[in-house]
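> Got a file for you: start.pdb, PDB, N, CA and C atoms.
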```pdb
ATOM      1  N   MET A  20      12.684   1.472 -35.759
ATOM      2  CA  MET A  20      12.610   2.742 -35.073
ATOM      3  C   MET A  20      14.025   3.187 -34.725
ATOM      4  N   ASN A  21      14.280   4.430 -34.939
ATOM      5  CA  ASN A  21      15.579   5.012 -34.634
ATOM      6  C   ASN A  21      15.812   5.006 -33.120
ATOM      7  N   GLY A  22      17.054   4.777 -32.715
ATOM      8  CA  GLY A  22      17.380   4.732 -31.296
ATOM      9  C   GLY A  22      17.106   6.037 -30.585
ATOM     10  N   TRP A  23      17.359   7.159 -31.263
ATOM     11  CA  TRP A  23      17.140   8.462 -30.622
ATOM     12  C   TRP A  23      15.658   8.760 -30.445
ATOM     13  N   ILE A  24      14.837   8.278 -31.355
ATOM     14  CA  ILE A  24      13.390   8.451 -31.207
ATOM     15  C   ILE A  24      12.897   7.649 -30.005
ATOM     16  N   LEU A  25      13.438   6.445 -29.841
ATOM     17  CA  LEU A  25      13.077   5.610 -28.700
ATOM     18  C   LEU A  25      13.503   6.263 -27.385
ATOM     19  N   ILE A  26      14.706   6.814 -27.346
ATOM     20  CA  ILE A  26      15.197   7.492 -26.146
ATOM     21  C   ILE A  26      14.354   8.726 -25.849
ATOM     22  N   GLY A  27      14.033   9.495 -26.869
ATOM     23  CA  GLY A  27      13.206  10.687 -26.685
ATOM     24  C   GLY A  27      11.796  10.349 -26.221
ATOM     25  N   THR A  28      11.228   9.287 -26.772
ATOM     26  CA  THR A  28       9.895   8.858 -26.356
ATOM     27  C   THR A  28       9.906   8.402 -24.898
ATOM     28  N   ALA A  29      10.922   7.625 -24.515
ATOM     29  CA  ALA A  29      11.018   7.160 -23.129
ATOM     30  C   ALA A  29      11.237   8.335 -22.183
ATOM     31  N   ALA A  30      12.051   9.305 -22.577
ATOM     32  CA  ALA A  30      12.283  10.476 -21.732
ATOM     33  C   ALA A  30      11.012  11.296 -21.574
ATOM     34  N   GLY A  31      10.279  11.483 -22.657
ATOM     35  CA  GLY A  31       9.026  12.236 -22.592
ATOM     36  C   GLY A  31       7.987  11.529 -21.734
ATOM     37  N   ALA A  32       7.877  10.212 -21.878
ATOM     38  CA  ALA A  32       6.926   9.456 -21.059
ATOM     39  C   ALA A  32       7.320   9.494 -19.587
ATOM     40  N   SER A  33       8.614   9.397 -19.309
ATOM     41  CA  SER A  33       9.084   9.456 -17.924
ATOM     42  C   SER A  33       8.792  10.827 -17.318
ATOM     43  N   TYR A  34       9.058  11.877 -18.069
ATOM     44  CA  TYR A  34       8.784  13.230 -17.575
ATOM     45  C   TYR A  34       7.291  13.418 -17.333
ATOM     46  N   LEU A  35       6.469  12.928 -18.235
ATOM     47  CA  LEU A  35       5.024  13.070 -18.095
ATOM     48  C   LEU A  35       4.514  12.298 -16.879
ATOM     49  N   MET A  36       5.003  11.078 -16.690
ATOM     50  CA  MET A  36       4.553  10.275 -15.553
ATOM     51  C   MET A  36       5.014  10.859 -14.225
ATOM     52  N   ARG A  37       6.126  11.571 -14.226
ATOM     53  CA  ARG A  37       6.611  12.188 -12.996
ATOM     54  C   ARG A  37       5.938  13.528 -12.717
ATOM     55  N   SER A  38       5.517  14.237 -13.748
ATOM     56  CA  SER A  38       4.937  15.558 -13.536
ATOM     57  C   SER A  38       3.441  15.511 -13.256
ATOM     58  N   ILE A  39       2.734  14.519 -13.750
ATOM     59  CA  ILE A  39       1.284  14.450 -13.525
ATOM     60  C   ILE A  39       0.942  14.352 -12.038
ATOM     61  N   PRO A  40       1.587  13.458 -11.251
ATOM     62  CA  PRO A  40       1.251  13.443  -9.816
ATOM     63  C   PRO A  40       1.556  14.764  -9.115
ATOM     64  N   LEU A  41       2.614  15.445  -9.535
ATOM     65  CA  LEU A  41       2.918  16.740  -8.922
ATOM     66  C   LEU A  41       1.820  17.748  -9.197
ATOM     67  N   LEU A  42       1.306  17.752 -10.416
ATOM     68  CA  LEU A  42       0.234  18.677 -10.754
ATOM     69  C   LEU A  42      -1.069  18.323 -10.041
ATOM     70  N   ILE A  43      -1.353  17.034  -9.913
ATOM     71  CA  ILE A  43      -2.592  16.615  -9.253
ATOM     72  C   ILE A  43      -2.525  16.884  -7.760
ATOM     73  N   PHE A  44      -1.434  16.478  -7.110
ATOM     74  CA  PHE A  44      -1.362  16.596  -5.655
ATOM     75  C   PHE A  44      -1.097  18.018  -5.192
ATOM     76  N   ARG A  45      -0.740  18.921  -6.101
ATOM     77  CA  ARG A  45      -0.627  20.335  -5.724
ATOM     78  C   ARG A  45      -1.981  20.915  -5.394
ATOM     79  N   ARG A  46      -2.988  20.439  -6.067
ATOM     80  CA  ARG A  46      -4.332  20.987  -5.905
ATOM     81  C   ARG A  46      -5.123  20.270  -4.813
ATOM     82  N   LEU A  47      -4.713  19.068  -4.450
ATOM     83  CA  LEU A  47      -5.419  18.312  -3.420
ATOM     84  C   LEU A  47      -4.748  18.519  -2.073
ATOM     85  N   ALA A  48      -5.558  18.728  -1.069
ATOM     86  CA  ALA A  48      -5.040  18.840   0.296
ATOM     87  C   ALA A  48      -5.264  17.501   0.983
ATOM     88  N   LEU A  49      -4.169  16.774   1.208
ATOM     89  CA  LEU A  49      -4.262  15.468   1.848
ATOM     90  C   LEU A  49      -3.748  15.555   3.277
ATOM     91  N   ALA A  50      -4.448  14.902   4.164
ATOM     92  CA  ALA A  50      -3.993  14.842   5.551
ATOM     93  C   ALA A  50      -2.769  13.931   5.637
ATOM     94  N   PRO A  51      -1.825  14.245   6.521
ATOM     95  CA  PRO A  51      -0.609  13.422   6.614
ATOM     96  C   PRO A  51      -0.874  11.969   7.000
ATOM     97  N   ASP A  52      -1.998  11.686   7.654
ATOM     98  CA  ASP A  52      -2.295  10.315   8.042
ATOM     99  C   ASP A  52      -3.345   9.663   7.139
ATOM    100  N   SER A  53      -3.561  10.231   5.960
ATOM    101  CA  SER A  53      -4.551   9.664   5.047
ATOM    102  C   SER A  53      -4.006   8.384   4.410
ATOM    103  N   PRO A  54      -4.887   7.498   3.966
ATOM    104  CA  PRO A  54      -4.437   6.255   3.341
ATOM    105  C   PRO A  54      -3.614   6.478   2.069
ATOM    106  N   VAL A  55      -3.916   7.530   1.334
ATOM    107  CA  VAL A  55      -3.165   7.813   0.101
ATOM    108  C   VAL A  55      -1.719   8.173   0.429
ATOM    109  N   VAL A  56      -1.524   8.989   1.435
ATOM    110  CA  VAL A  56      -0.165   9.396   1.822
ATOM    111  C   VAL A  56       0.610   8.191   2.350
ATOM    112  N   ARG A  57      -0.038   7.358   3.160
ATOM    113  CA  ARG A  57       0.643   6.164   3.673
ATOM    114  C   ARG A  57       0.994   5.207   2.547
ATOM    115  N   PHE A  58       0.095   5.057   1.561
ATOM    116  CA  PHE A  58       0.386   4.194   0.417
ATOM    117  C   PHE A  58       1.581   4.710  -0.377
ATOM    118  N   LEU A  59       1.625   6.009  -0.614
ATOM    119  CA  LEU A  59       2.734   6.575  -1.384
ATOM    120  C   LEU A  59       4.061   6.435  -0.633
ATOM    121  N   GLN A  60       4.053   6.523   0.689
ATOM    122  CA  GLN A  60       5.280   6.321   1.451
ATOM    123  C   GLN A  60       5.765   4.880   1.334
ATOM    124  N   HIS A  61       4.852   3.930   1.380
ATOM    125  CA  HIS A  61       5.236   2.521   1.255
ATOM    126  C   HIS A  61       5.603   2.172  -0.179
ATOM    127  N   ALA A  62       5.012   2.846  -1.146
ATOM    128  CA  ALA A  62       5.313   2.569  -2.544
ATOM    129  C   ALA A  62       6.762   2.916  -2.862
ATOM    130  N   ALA A  63       7.268   4.004  -2.297
ATOM    131  CA  ALA A  63       8.664   4.369  -2.536
ATOM    132  C   ALA A  63       9.606   3.310  -1.978
ATOM    133  N   SER A  64       9.307   2.784  -0.805
ATOM    134  CA  SER A  64      10.134   1.724  -0.227
ATOM    135  C   SER A  64      10.033   0.442  -1.047
ATOM    136  N   ALA A  65       8.853   0.147  -1.564
ATOM    137  CA  ALA A  65       8.676  -1.048  -2.384
ATOM    138  C   ALA A  65       9.474  -0.950  -3.686
ATOM    139  N   VAL A  66       9.487   0.220  -4.279
ATOM    140  CA  VAL A  66      10.260   0.405  -5.506
ATOM    141  C   VAL A  66      11.753   0.241  -5.226
ATOM    142  N   MET A  67      12.239   0.830  -4.141
ATOM    143  CA  MET A  67      13.650   0.689  -3.805
ATOM    144  C   MET A  67      13.979  -0.763  -3.461
ATOM    145  N   GLY A  68      13.059  -1.453  -2.802
ATOM    146  CA  GLY A  68      13.275  -2.868  -2.508
ATOM    147  C   GLY A  68      13.362  -3.700  -3.769
ATOM    148  N   SER A  69      12.543  -3.405  -4.751
ATOM    149  CA  SER A  69      12.628  -4.148  -6.009
ATOM    150  C   SER A  69      13.917  -3.846  -6.747
ATOM    151  N   VAL A  70      14.411  -2.624  -6.646
ATOM    152  CA  VAL A  70      15.702  -2.293  -7.262
ATOM    153  C   VAL A  70      16.824  -3.086  -6.598
ATOM    154  N   ILE A  71      16.806  -3.164  -5.266
ATOM    155  CA  ILE A  71      17.836  -3.922  -4.538
ATOM    156  C   ILE A  71      17.733  -5.401  -4.889
ATOM    157  N   TYR A  72      16.528  -5.942  -4.903
ATOM    158  CA  TYR A  72      16.339  -7.363  -5.195
ATOM    159  C   TYR A  72      16.821  -7.702  -6.604
ATOM    160  N   LEU A  73      16.426  -6.903  -7.582
ATOM    161  CA  LEU A  73      16.837  -7.193  -8.958
ATOM    162  C   LEU A  73      18.332  -6.970  -9.184
ATOM    163  N   ALA A  74      18.932  -6.047  -8.438
ATOM    164  CA  ALA A  74      20.378  -5.861  -8.552
ATOM    165  C   ALA A  74      21.122  -7.089  -8.039
ATOM    166  N   LEU A  75      20.591  -7.722  -7.015
ATOM    167  CA  LEU A  75      21.253  -8.901  -6.452
ATOM    168  C   LEU A  75      20.902 -10.187  -7.188
ATOM    169  N   PHE A  76      19.651 -10.358  -7.561
ATOM    170  CA  PHE A  76      19.188 -11.615  -8.140
ATOM    171  C   PHE A  76      18.749 -11.484  -9.592
ATOM    172  N   GLY A  77      19.122 -10.438 -10.268
ATOM    173  CA  GLY A  77      18.659 -10.205 -11.630
ATOM    174  C   GLY A  77      19.036 -11.289 -12.607
ATOM    175  N   GLU A  78      20.258 -11.807 -12.493
ATOM    176  CA  GLU A  78      20.702 -12.818 -13.453
ATOM    177  C   GLU A  78      20.008 -14.155 -13.229
ATOM    178  N   SER A  79      19.710 -14.507 -11.992
ATOM    179  CA  SER A  79      19.049 -15.784 -11.727
ATOM    180  C   SER A  79      17.535 -15.670 -11.815
ATOM    181  N   PHE A  80      17.012 -14.466 -11.751
ATOM    182  CA  PHE A  80      15.566 -14.270 -11.827
ATOM    183  C   PHE A  80      15.035 -14.666 -13.194
ATOM    184  N   ALA A  81      15.844 -14.473 -14.237
ATOM    185  CA  ALA A  81      15.408 -14.816 -15.585
ATOM    186  C   ALA A  81      15.340 -16.327 -15.786
ATOM    187  N   GLU A  82      16.102 -17.083 -15.017
ATOM    188  CA  GLU A  82      16.123 -18.540 -15.170
ATOM    189  C   GLU A  82      14.916 -19.211 -14.532
ATOM    190  N   GLY A  83      14.358 -18.617 -13.513
ATOM    191  CA  GLY A  83      13.202 -19.193 -12.839
ATOM    192  C   GLY A  83      13.136 -18.690 -11.412
ATOM    193  N   PRO A  84      11.984 -18.811 -10.767
ATOM    194  CA  PRO A  84      11.846 -18.251  -9.423
ATOM    195  C   PRO A  84      12.680 -18.966  -8.365
ATOM    196  N   LEU A  85      12.989 -20.235  -8.528
ATOM    197  CA  LEU A  85      13.773 -20.964  -7.532
ATOM    198  C   LEU A  85      15.256 -21.042  -7.871
ATOM    199  N   ALA A  86      15.648 -20.501  -9.007
ATOM    200  CA  ALA A  86      17.057 -20.567  -9.414
ATOM    201  C   ALA A  86      17.948 -19.732  -8.509
ATOM    202  N   LEU A  87      17.401 -18.751  -7.829
ATOM    203  CA  LEU A  87      18.219 -17.902  -6.971
ATOM    204  C   LEU A  87      18.770 -18.665  -5.773
ATOM    205  N   PHE A  88      18.133 -19.758  -5.376
ATOM    206  CA  PHE A  88      18.610 -20.524  -4.230
ATOM    207  C   PHE A  88      19.794 -21.431  -4.569
ATOM    208  N   HIS A  89      20.123 -21.558  -5.846
ATOM    209  CA  HIS A  89      21.240 -22.403  -6.250
ATOM    210  C   HIS A  89      22.562 -21.641  -6.315
ATOM    211  N   ALA A  90      22.520 -20.336  -6.179
ATOM    212  CA  ALA A  90      23.740 -19.524  -6.203
ATOM    213  C   ALA A  90      24.520 -19.747  -4.909
ATOM    214  N   PRO A  91      25.854 -19.733  -4.988
ATOM    215  CA  PRO A  91      26.644 -19.981  -3.774
ATOM    216  C   PRO A  91      26.504 -18.877  -2.719
ATOM    217  N   ASP A  92      26.232 -17.659  -3.137
ATOM    218  CA  ASP A  92      26.099 -16.552  -2.188
ATOM    219  C   ASP A  92      24.645 -16.136  -1.998
ATOM    220  N   ALA A  93      23.713 -17.059  -2.190
ATOM    221  CA  ALA A  93      22.281 -16.743  -2.095
ATOM    222  C   ALA A  93      21.886 -16.312  -0.685
ATOM    223  N   LEU A  94      22.473 -16.944   0.339
ATOM    224  CA  LEU A  94      22.111 -16.570   1.711
ATOM    225  C   LEU A  94      22.562 -15.156   2.051
ATOM    226  N   VAL A  95      23.725 -14.764   1.556
ATOM    227  CA  VAL A  95      24.210 -13.400   1.795
ATOM    228  C   VAL A  95      23.299 -12.399   1.088
ATOM    229  N   LYS A  96      22.908 -12.719  -0.128
ATOM    230  CA  LYS A  96      22.022 -11.816  -0.869
ATOM    231  C   LYS A  96      20.657 -11.697  -0.204
ATOM    232  N   LEU A  97      20.123 -12.821   0.271
ATOM    233  CA  LEU A  97      18.846 -12.757   0.984
ATOM    234  C   LEU A  97      18.982 -11.964   2.281
ATOM    235  N   ALA A  98      20.129 -12.085   2.956
ATOM    236  CA  ALA A  98      20.365 -11.297   4.169
ATOM    237  C   ALA A  98      20.398  -9.804   3.851
ATOM    238  N   VAL A  99      20.968  -9.433   2.699
ATOM    239  CA  VAL A  99      20.999  -8.025   2.289
ATOM    240  C   VAL A  99      19.586  -7.517   2.050
ATOM    241  N   VAL A 100      18.758  -8.314   1.382
ATOM    242  CA  VAL A 100      17.374  -7.905   1.121
ATOM    243  C   VAL A 100      16.613  -7.741   2.438
ATOM    244  N   LEU A 101      16.786  -8.687   3.370
ATOM    245  CA  LEU A 101      16.108  -8.589   4.667
ATOM    246  C   LEU A 101      16.618  -7.405   5.480
ATOM    247  N   LEU A 102      17.921  -7.164   5.443
ATOM    248  CA  LEU A 102      18.481  -6.015   6.149
ATOM    249  C   LEU A 102      17.939  -4.710   5.580
ATOM    250  N   ALA A 103      17.886  -4.611   4.263
ATOM    251  CA  ALA A 103      17.369  -3.395   3.636
ATOM    252  C   ALA A 103      15.900  -3.180   3.997
ATOM    253  N   GLY A 104      15.131  -4.266   4.041
ATOM    254  CA  GLY A 104      13.732  -4.147   4.443
ATOM    255  C   GLY A 104      13.580  -3.698   5.884
ATOM    256  N   ALA A 105      14.419  -4.242   6.768
ATOM    257  CA  ALA A 105      14.352  -3.850   8.179
ATOM    258  C   ALA A 105      14.768  -2.394   8.369
ATOM    259  N   VAL A 106      15.802  -1.970   7.665
ATOM    260  CA  VAL A 106      16.245  -0.575   7.776
ATOM    261  C   VAL A 106      15.193   0.373   7.193
ATOM    262  N   ALA A 107      14.549  -0.036   6.096
ATOM    263  CA  ALA A 107      13.493   0.800   5.505
ATOM    264  C   ALA A 107      12.317   0.932   6.465
ATOM    265  N   ARG A 108      11.978  -0.145   7.140
ATOM    266  CA  ARG A 108      10.873  -0.098   8.106
ATOM    267  C   ARG A 108      11.243   0.742   9.325
ATOM    268  N   TRP A 109      12.499   0.625   9.750
ATOM    269  CA  TRP A 109      12.955   1.336  10.944
ATOM    270  C   TRP A 109      13.113   2.825  10.690
ATOM    271  N   ARG A 110      13.763   3.190   9.566
ATOM    272  CA  ARG A 110      14.082   4.584   9.299
ATOM    273  C   ARG A 110      13.009   5.302   8.482
ATOM    274  N   GLY A 111      12.199   4.566   7.735
ATOM    275  CA  GLY A 111      11.183   5.209   6.903
ATOM    276  C   GLY A 111      11.782   5.981   5.744
ATOM    277  N   SER A 112      12.954   5.591   5.335
ATOM    278  CA  SER A 112      13.669   6.287   4.274
ATOM    279  C   SER A 112      13.755   5.392   3.049
ATOM    280  N   VAL A 113      14.220   5.965   1.958
ATOM    281  CA  VAL A 113      14.372   5.204   0.730
ATOM    282  C   VAL A 113      15.843   4.915   0.441
ATOM    283  N   PHE A 114      16.703   5.885   0.616
ATOM    284  CA  PHE A 114      18.100   5.708   0.218
ATOM    285  C   PHE A 114      18.975   5.121   1.317
ATOM    286  N   ILE A 115      18.607   5.281   2.567
ATOM    287  CA  ILE A 115      19.405   4.711   3.655
ATOM    288  C   ILE A 115      19.431   3.183   3.566
ATOM    289  N   PRO A 116      18.310   2.489   3.274
ATOM    290  CA  PRO A 116      18.396   1.038   3.095
ATOM    291  C   PRO A 116      19.298   0.620   1.932
ATOM    292  N   LEU A 117      19.298   1.412   0.886
ATOM    293  CA  LEU A 117      20.185   1.116  -0.235
ATOM    294  C   LEU A 117      21.640   1.204   0.195
ATOM    295  N   LEU A 118      21.992   2.244   0.907
ATOM    296  CA  LEU A 118      23.364   2.392   1.386
ATOM    297  C   LEU A 118      23.731   1.306   2.389
ATOM    298  N   ALA A 119      22.792   0.957   3.273
ATOM    299  CA  ALA A 119      23.061  -0.102   4.251
ATOM    300  C   ALA A 119      23.235  -1.450   3.556
ATOM    301  N   GLY A 120      22.431  -1.723   2.556
ATOM    302  CA  GLY A 120      22.568  -2.973   1.809
ATOM    303  C   GLY A 120      23.879  -3.060   1.064
ATOM    304  N   ILE A 121      24.293  -1.950   0.457
ATOM    305  CA  ILE A 121      25.578  -1.935  -0.252
ATOM    306  C   ILE A 121      26.723  -2.160   0.719
ATOM    307  N   ALA A 122      26.676  -1.490   1.857
ATOM    308  CA  ALA A 122      27.752  -1.642   2.844
ATOM    309  C   ALA A 122      27.793  -3.065   3.390
ATOM    310  N   PHE A 123      26.645  -3.652   3.690
ATOM    311  CA  PHE A 123      26.606  -5.019   4.214
ATOM    312  C   PHE A 123      27.119  -6.016   3.186
ATOM    313  N   TYR A 124      26.707  -5.861   1.925
ATOM    314  CA  TYR A 124      27.136  -6.794   0.875
ATOM    315  C   TYR A 124      28.627  -6.649   0.603
ATOM    316  N   ALA A 125      29.119  -5.425   0.594
ATOM    317  CA  ALA A 125      30.572  -5.219   0.396
ATOM    318  C   ALA A 125      31.369  -5.807   1.552
ATOM    319  N   ALA A 126      30.879  -5.641   2.777
ATOM    320  CA  ALA A 126      31.567  -6.226   3.934
ATOM    321  C   ALA A 126      31.547  -7.740   3.872
ATOM    322  N   ALA A 127      30.411  -8.313   3.426
ATOM    323  CA  ALA A 127      30.329  -9.772   3.313
ATOM    324  C   ALA A 127      31.280 -10.295   2.238
ATOM    325  N   LEU A 128      31.427  -9.551   1.159
ATOM    326  CA  LEU A 128      32.378  -9.964   0.117
ATOM    327  C   LEU A 128      33.812  -9.876   0.610
ATOM    328  N   LEU A 129      34.119  -8.844   1.396
ATOM    329  CA  LEU A 129      35.498  -8.718   1.931
ATOM    330  C   LEU A 129      35.806  -9.815   2.947
ATOM    331  N   VAL A 130      34.843 -10.152   3.788
ATOM    332  CA  VAL A 130      35.054 -11.187   4.793
ATOM    333  C   VAL A 130      35.140 -12.554   4.133
ATOM    334  N   GLY A 131      34.349 -12.759   3.088
ATOM    335  CA  GLY A 131      34.322 -14.062   2.410
ATOM    336  C   GLY A 131      35.582 -14.369   1.623
ATOM    337  N   ASP A 132      36.332 -13.356   1.237
ATOM    338  CA  ASP A 132      37.557 -13.617   0.448
ATOM    339  C   ASP A 132      38.755 -13.903   1.275
TER     340      ASP A 132
END
```
Once more with this new file: its structure as structure tokens, please.

Amino acid sequence: MNGWILIGTAAGASYLMRSIPLLIFRRLALAPDSPVVRFLQHAASAVMGSVIYLALFGESFAEGPLALFHAPDALVKLAVVLLAGAVARWRGSVFIPLLAGIAFYAAALLVGD
């Protein structure tokens, strides 16, 4: 398969998956405290948490689930994940935990050197 066909197919699928919920939820009136709305709010935080986790532990995740504990900076990385989770729970935001995690990890790297 040609690389451009693969890129075009992935772009089309991504656009379709992003536009379908917009079209569906435009027609549905959901209460702000409904279970669907609460699930979607938590789903965004879960996705951002998985992005943070895989950015920190992506290389050791492929080796096995316990391989991440053998890294010399594993405790700092776990602290970043916990901090991002606490900030996400506190602020209810998606990008603020990402920024807080980046700042904490960068500060830990500067202090450690």
> Please provide as an mmCIF file with N, CA and C atoms, in the frame of the given file all residues within 6 Å of stretch 96-110 of chain A, with the sequence filter that same-chain residues fewer than 6 positions apart are discarded (counting all atoms listed in the file).

```cif
data_model
loop_
_atom_site.group_PDB
_atom_site.id
_atom_site.type_symbol
_atom_site.label_atom_id
_atom_site.label_comp_id
_atom_site.auth_asym_id
_atom_site.auth_seq_id
_atom_site.Cartn_x
_atom_site.Cartn_y
_atom_site.Cartn_z
ATOM 1 N N PRO A 116 18.310 2.489 3.274
ATOM 2 C CA PRO A 116 18.396 1.038 3.095
ATOM 3 C C PRO A 116 19.298 0.620 1.932
ATOM 4 N N LEU A 117 19.298 1.412 0.886
ATOM 5 C CA LEU A 117 20.185 1.116 -0.235
ATOM 6 C C LEU A 117 21.640 1.204 0.195
ATOM 7 N N GLY A 120 22.431 -1.723 2.556
ATOM 8 C CA GLY A 120 22.568 -2.973 1.809
ATOM 9 C C GLY A 120 23.879 -3.060 1.064
#
```
> So what do you get for atom N of A:Ser33 versus atom C of A:Ala65, distance-wise?
18.8 Å
> Let me know the centre plus edge lengths, in Å and rounded to one decimal, of a box with edges along x, y and z that contains all listed atoms of stretch 114-120 of chain A and is padded by 3 Å on every side, as JSON.

```
{"center_x": 20.3, "center_y": 1.4, "center_z": 2.0, "size_x": 13.2, "size_y": 14.9, "size_z": 10.5}
```
> Interatomic distance between atom CA of A:Trp23 and atom N of A:Ser38?
21.3 Å
> Check what the PyMOL selection byres ((chain A and resi 64) around 8) selects in the file above and give those residues as a compact mmCIF listing (two decimals) with N, CA and C atoms, in the frame of the given file.

```txt
# COMPACT_ATOMS: atom_id res chain seq x y z
N PHE A 58 0.10 5.06 1.56
CA PHE A 58 0.39 4.19 0.42
C PHE A 58 1.58 4.71 -0.38
N LEU A 59 1.62 6.01 -0.61
CA LEU A 59 2.73 6.58 -1.38
C LEU A 59 4.06 6.44 -0.63
N GLN A 60 4.05 6.52 0.69
CA GLN A 60 5.28 6.32 1.45
C GLN A 60 5.76 4.88 1.33
N HIS A 61 4.85 3.93 1.38
CA HIS A 61 5.24 2.52 1.25
C HIS A 61 5.60 2.17 -0.18
N ALA A 62 5.01 2.85 -1.15
CA ALA A 62 5.31 2.57 -2.54
C ALA A 62 6.76 2.92 -2.86
N ALA A 63 7.27 4.00 -2.30
CA ALA A 63 8.66 4.37 -2.54
C ALA A 63 9.61 3.31 -1.98
N ALA A 65 8.85 0.15 -1.56
CA ALA A 65 8.68 -1.05 -2.38
C ALA A 65 9.47 -0.95 -3.69
N VAL A 66 9.49 0.22 -4.28
CA VAL A 66 10.26 0.40 -5.51
C VAL A 66 11.75 0.24 -5.23
N MET A 67 12.24 0.83 -4.14
CA MET A 67 13.65 0.69 -3.80
C MET A 67 13.98 -0.76 -3.46
N GLY A 68 13.06 -1.45 -2.80
CA GLY A 68 13.28 -2.87 -2.51
C GLY A 68 13.36 -3.70 -3.77
N SER A 69 12.54 -3.40 -4.75
CA SER A 69 12.63 -4.15 -6.01
C SER A 69 13.92 -3.85 -6.75
N VAL A 70 14.41 -2.62 -6.65
CA VAL A 70 15.70 -2.29 -7.26
C VAL A 70 16.82 -3.09 -6.60
N ALA A 107 14.55 -0.04 6.10
CA ALA A 107 13.49 0.80 5.50
C ALA A 107 12.32 0.93 6.46
N ARG A 108 11.98 -0.14 7.14
CA ARG A 108 10.87 -0.10 8.11
C ARG A 108 11.24 0.74 9.32
N GLY A 111 12.20 4.57 7.74
CA GLY A 111 11.18 5.21 6.90
C GLY A 111 11.78 5.98 5.74
N SER A 112 12.95 5.59 5.34
CA SER A 112 13.67 6.29 4.27
C SER A 112 13.76 5.39 3.05
N VAL A 113 14.22 5.96 1.96
CA VAL A 113 14.37 5.20 0.73
C VAL A 113 15.84 4.92 0.44
N PHE A 114 16.70 5.88 0.62
CA PHE A 114 18.10 5.71 0.22
C PHE A 114 18.98 5.12 1.32
```
> Provide the atom CA of A:Leu118 to atom CA of A:Ile71 distance in Å, to one decimal place.
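For atom CA of A:Leu118 relative to atom CA of A:Ile71, the distance reads 10.3 Å.
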> I need stretch 37-52 of chain A from the structure I supplied, saved as a PDB file, in the first residue's frame with N, CA and C atoms retained.

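Resulting contents of selection_14.pdb:
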```pdb
ATOM      1  N   ARG A  37     -14.255  11.891  14.492  1.00  0.00           N
ATOM      2  CA  ARG A  37     -14.417  13.130  15.243  1.00  0.00           C
ATOM      3  C   ARG A  37     -15.714  13.854  14.893  1.00  0.00           C
ATOM      4  N   SER A  38     -16.205  13.691  13.679  1.00  0.00           N
ATOM      5  CA  SER A  38     -17.400  14.422  13.273  1.00  0.00           C
ATOM      6  C   SER A  38     -18.690  13.701  13.640  1.00  0.00           C
ATOM      7  N   ILE A  39     -18.682  12.389  13.727  1.00  0.00           N
ATOM      8  CA  ILE A  39     -19.909  11.653  14.052  1.00  0.00           C
ATOM      9  C   ILE A  39     -20.459  12.041  15.425  1.00  0.00           C
ATOM     10  N   PRO A  40     -19.636  12.086  16.499  1.00  0.00           N
ATOM     11  CA  PRO A  40     -20.211  12.515  17.786  1.00  0.00           C
ATOM     12  C   PRO A  40     -20.766  13.936  17.750  1.00  0.00           C
ATOM     13  N   LEU A  41     -20.133  14.818  16.988  1.00  0.00           N
ATOM     14  CA  LEU A  41     -20.657  16.181  16.887  1.00  0.00           C
ATOM     15  C   LEU A  41     -22.027  16.196  16.238  1.00  0.00           C
ATOM     16  N   LEU A  42     -22.204  15.393  15.202  1.00  0.00           N
ATOM     17  CA  LEU A  42     -23.497  15.334  14.535  1.00  0.00           C
ATOM     18  C   LEU A  42     -24.561  14.683  15.415  1.00  0.00           C
ATOM     19  N   ILE A  43     -24.179  13.655  16.161  1.00  0.00           N
ATOM     20  CA  ILE A  43     -25.146  12.968  17.021  1.00  0.00           C
ATOM     21  C   ILE A  43     -25.539  13.845  18.196  1.00  0.00           C
ATOM     22  N   PHE A  44     -24.556  14.424  18.888  1.00  0.00           N
ATOM     23  CA  PHE A  44     -24.861  15.178  20.102  1.00  0.00           C
ATOM     24  C   PHE A  44     -25.451  16.547  19.813  1.00  0.00           C
ATOM     25  N   ARG A  45     -25.414  16.998  18.562  1.00  0.00           N
ATOM     26  CA  ARG A  45     -26.109  18.243  18.211  1.00  0.00           C
ATOM     27  C   ARG A  45     -27.605  18.072  18.313  1.00  0.00           C
ATOM     28  N   ARG A  46     -28.069  16.893  18.016  1.00  0.00           N
ATOM     29  CA  ARG A  46     -29.506  16.631  17.985  1.00  0.00           C
ATOM     30  C   ARG A  46     -30.038  16.160  19.337  1.00  0.00           C
ATOM     31  N   LEU A  47     -29.167  15.671  20.201  1.00  0.00           N
ATOM     32  CA  LEU A  47     -29.595  15.190  21.511  1.00  0.00           C
ATOM     33  C   LEU A  47     -29.420  16.286  22.549  1.00  0.00           C
ATOM     34  N   ALA A  48     -30.415  16.434  23.382  1.00  0.00           N
ATOM     35  CA  ALA A  48     -30.324  17.385  24.491  1.00  0.00           C
ATOM     36  C   ALA A  48     -29.984  16.596  25.747  1.00  0.00           C
ATOM     37  N   LEU A  49     -28.747  16.761  26.218  1.00  0.00           N
ATOM     38  CA  LEU A  49     -28.304  16.047  27.408  1.00  0.00           C
ATOM     39  C   LEU A  49     -28.216  17.006  28.585  1.00  0.00           C
ATOM     40  N   ALA A  50     -28.661  16.540  29.720  1.00  0.00           N
ATOM     41  CA  ALA A  50     -28.542  17.344  30.935  1.00  0.00           C
ATOM     42  C   ALA A  50     -27.075  17.386  31.363  1.00  0.00           C
ATOM     43  N   PRO A  51     -26.628  18.505  31.926  1.00  0.00           N
ATOM     44  CA  PRO A  51     -25.214  18.609  32.320  1.00  0.00           C
ATOM     45  C   PRO A  51     -24.787  17.586  33.369  1.00  0.00           C
ATOM     46  N   ASP A  52     -25.724  17.056  34.151  1.00  0.00           N
ATOM     47  CA  ASP A  52     -25.367  16.075  35.165  1.00  0.00           C
ATOM     48  C   ASP A  52     -25.729  14.646  34.753  1.00  0.00           C
TER      49      ASP A  52
END
```
